[in-house]
Amino acid sequence: MYDGGVLTSPRRTRAVLPPTALVATALLLAGCGAGGTAADAASTAPSLSTATSAAPSTSTSTASGATGTASSSAGSSGGCAPTGQEVPSGAATAATADLDHDGRADELWLADSTTGSGALERRLGVRTASGAVFSTTYTSASPQGTTAVGQALDGSTSIVLLSDGRQVPLYAVVTGSGQGACQLVASANAQGQQYAFDLGFTGYGSGVACVPTSQGGSDLALYGLLVVGGDAEGDLPGIQRTRIDLSDGGRQARNGPTDSPAELQGINPEGAQVAAARQVSCGDQGPDTAVVEPAS
C-alpha cells in the first residue's frame with residue numbers, strides 16, 4: 001500500500017502501451033452480469049481497489065485552453081454553460097460520452113506544459129459540446145504516459161478515469177448552472193484522499209469496468225477488478241469484483257460489497273475475460289477510445 005505521499009516524477013519521454021481490444025471488455029461484462037457485489041477502496045486495507053492518498057494531487061480550475069450505485073445531490077441537466085475558454089494548443093483530444101447530460105457527446109483532453117519555473121504541468125480537461133472548457137492538474141510517478149476515459153453512469157453522475165499504468169485516480173464531472181459551475185473534482189475516499197484504483201502495482205486490483213445496474217438498463221455501476229489465482233501450474237484464475245458506491249455527484253467514493261461470480265472463476269488465463277480485467281474501461285468507453293497524453 002502507498003504511504004500517503006504525493007508521487008512526482010521528472011519530465012521524461014513516456015511510452016504508452018497499446019490498448020486492449022474493447023471486445024475483451026464486452027465479454028467480461030457479459031460474464032459478470034448485473035447485481036454483483038464487491039469493499040471500500042478508501043478503507044485502510046481495501047480488498048481490491050485502493051484509494052489511498054497515493055493518488056496524484058490535483059487542483060481544479062477553468063482552463064484556458066459505476067459498477068457501483070451512484071446517488072447525486074449535485075448534478076443538473078441541460079449542459080454546462082460556455083466558458084469562453086479554449087483547449088490548450090498541442091493538447092491531445094478524444095471524443096467521449098455525454099458528461100454534462102445534455103444529450104450530446106463531449107470531449108476529453110490531456111495537455112502538458114512548462115511553467116515559468118520550468119516545472120512540468122500536466123492537465124486533464126473536458127470540453128463539452130455546449131462550449132464549456134474546464135480542467136484539473138495532476139502528477140504521476142509512473143514512467144508511462146497517462147490515458148483517460150469518461151462516462152455518464154446515470155442521468156446525474158459522470159466520471160473520468162485517469163490511468164498512468166499503475167493506478168487510476170477517479171474524478172467526478174460536477175455540473176451546475178452558470179458560467180464556471182462545471183468542474184472536474186477529485187473523488188474522495190473515506191480518509192479524504194483521492195480515490196484511486198490499483199492496476200497491479202500494489203496488488204490490490206488489476207482493472208476497472210462498469211456494469212449495467214439492471215437487465216437492459218442504461219445506468220452503470222463502477223467496479224474495481226482483481227484477477228486472483230492462476231499462479232501455480234494447473235491453477236486457473238478467477239476475477240473478484242468490488243462495487244464502488246458514489247455519492248454527492250461523484251465527489252465521494254466508497255468500496256461497496258465484494259463478490260467472485262461463479263462464471264468468472266476457473267477461466268482461461270489467456271482469455272478475453274482476464275485481459276479485460278486488466279484494463280480500464282467503463283461502458284462503451286475504454287482503451288480504444290481513450291485520450292492519450294502527448295509524448296514529451
# chains A, B, ... in the order shown; residues from 1 in each chain; ligands from 1

call {"tool": "residues_around", "arguments": {"residues": "Gln183 (chain A)", "least_positions_apart": "5", "cutoff": "7 Å", "atoms": "only C-alpha atoms", "output": "number ranges by chain"}}
result
A: 60, 134-135, 173-175

call {"tool": "write_last_selection", "arguments": {"atoms": "C-alpha atoms", "output": "tab-separated table (two decimals), in the first residue's frame"}}
result
chain	number	residue	atom	x	y	z
A	60	THR	CA	-9.34	22.10	-10.32
A	134	PHE	CA	-12.60	23.08	-17.58
A	135	SER	CA	-9.69	21.07	-16.22
A	173	VAL	CA	-17.67	15.70	-13.53
A	174	VAL	CA	-19.67	18.14	-11.41
A	175	THR	CA	-22.27	20.10	-13.35

call {"tool": "residues_around", "arguments": {"residues": "Ala277 (chain A)", "least_positions_apart": "3", "cutoff": "6 Å", "atoms": "only C-alpha atoms", "output": "number ranges by chain"}}
result
A: 207, 225, 274

call {"tool": "residues_around", "arguments": {"residues": "region 82-87 of chain A", "least_positions_apart": "2", "cutoff": "9 Å", "atoms": "only C-alpha atoms", "output": "ChimeraX atom specification"}}
result
/A:62-65,80,89-91,93,109,111,125-128,130-134,178-180

call {"tool": "write_last_selection", "arguments": {"atoms": "C-alpha atoms", "output": "mmCIF file, in the first residue's frame"}}
result
data_model
loop_
_atom_site.group_PDB
_atom_site.id
_atom_site.type_symbol
_atom_site.label_atom_id
_atom_site.label_comp_id
_atom_site.auth_asym_id
_atom_site.auth_seq_id
_atom_site.Cartn_x
_atom_site.Cartn_y
_atom_site.Cartn_z
ATOM 1 C CA THR A 62 -11.485 26.540 -15.526
ATOM 2 C CA ALA A 63 -8.683 26.098 -18.012
ATOM 3 C CA SER A 64 -7.636 28.284 -20.820
ATOM 4 C CA GLY A 65 -7.414 26.032 -23.016
ATOM 5 C CA CYS A 80 -22.589 23.240 -18.998
ATOM 6 C CA SER A 89 -2.580 24.347 -28.001
ATOM 7 C CA GLY A 90 -0.940 20.973 -28.501
ATOM 8 C CA ALA A 91 -3.372 19.103 -26.264
ATOM 9 C CA THR A 93 -8.205 15.220 -27.565
ATOM 10 C CA TRP A 109 -8.208 16.329 -23.396
ATOM 11 C CA ALA A 111 -2.066 18.627 -22.121
ATOM 12 C CA GLY A 125 -9.681 18.527 -19.109
ATOM 13 C CA VAL A 126 -13.169 18.395 -20.590
ATOM 14 C CA ARG A 127 -14.649 20.321 -23.487
ATOM 15 C CA THR A 128 -18.418 19.948 -23.666
ATOM 16 C CA SER A 130 -22.069 23.324 -25.259
ATOM 17 C CA GLY A 131 -18.695 25.101 -25.204
ATOM 18 C CA ALA A 132 -17.545 24.723 -21.599
ATOM 19 C CA VAL A 133 -13.832 24.068 -21.046
ATOM 20 C CA PHE A 134 -12.598 23.080 -17.576
ATOM 21 C CA GLY A 178 -23.909 29.363 -14.612
ATOM 22 C CA GLN A 179 -20.516 30.000 -16.166
ATOM 23 C CA GLY A 180 -17.731 28.117 -14.399
#

call {"tool": "closest_residue", "arguments": {"among": "A:Ala181, A:Gln151, A:Gly266, A:Val228", "to": "Ala105 (chain A)", "atoms": "only C-alpha atoms"}}
result
A:Gln151

call {"tool": "closest_residue", "arguments": {"among": "A:Ile267, A:Leu246, A:Val211, A:Ala262", "to": "Ala190 (chain A)", "atoms": "only C-alpha atoms"}}
result
A:Leu246

call {"tool": "residues_around", "arguments": {"residues": "Leu236 (chain A)", "least_positions_apart": "3", "cutoff": "12 Å", "atoms": "only C-alpha atoms", "output": "PyMOL selection string"}}
result
chain A and resi 227-233+239+264-271+274

call {"tool": "write_last_selection", "arguments": {"atoms": "C-alpha atoms", "output": "PDB file, in the first residue's frame"}}
result
ATOM      1  CA  VAL A 227      -7.508 -11.223 -11.175  1.00  0.00           C
ATOM      2  CA  VAL A 228      -6.798 -13.825  -8.473  1.00  0.00           C
ATOM      3  CA  GLY A 229      -5.088 -17.227  -8.632  1.00  0.00           C
ATOM      4  CA  GLY A 230      -3.609 -18.845 -11.687  1.00  0.00           C
ATOM      5  CA  ASP A 231      -0.077 -18.693 -10.315  1.00  0.00           C
ATOM      6  CA  ALA A 232       0.500 -22.419  -9.864  1.00  0.00           C
ATOM      7  CA  GLU A 233       0.653 -24.934 -12.699  1.00  0.00           C
ATOM      8  CA  ILE A 239     -11.979 -12.464 -11.151  1.00  0.00           C
ATOM      9  CA  LEU A 264     -15.753 -15.764 -13.601  1.00  0.00           C
ATOM     10  CA  GLN A 265     -13.818 -18.454 -11.737  1.00  0.00           C
ATOM     11  CA  GLY A 266     -11.570 -21.104 -13.309  1.00  0.00           C
ATOM     12  CA  ILE A 267     -11.336 -19.166 -16.566  1.00  0.00           C
ATOM     13  CA  ASN A 268      -8.752 -19.197 -19.351  1.00  0.00           C
ATOM     14  CA  PRO A 269      -5.680 -17.229 -18.168  1.00  0.00           C
ATOM     15  CA  GLU A 270      -5.056 -16.133 -21.760  1.00  0.00           C
ATOM     16  CA  GLY A 271      -8.708 -15.399 -22.490  1.00  0.00           C
ATOM     17  CA  VAL A 274      -8.769 -11.932 -17.911  1.00  0.00           C
TER      18      VAL A 274
END
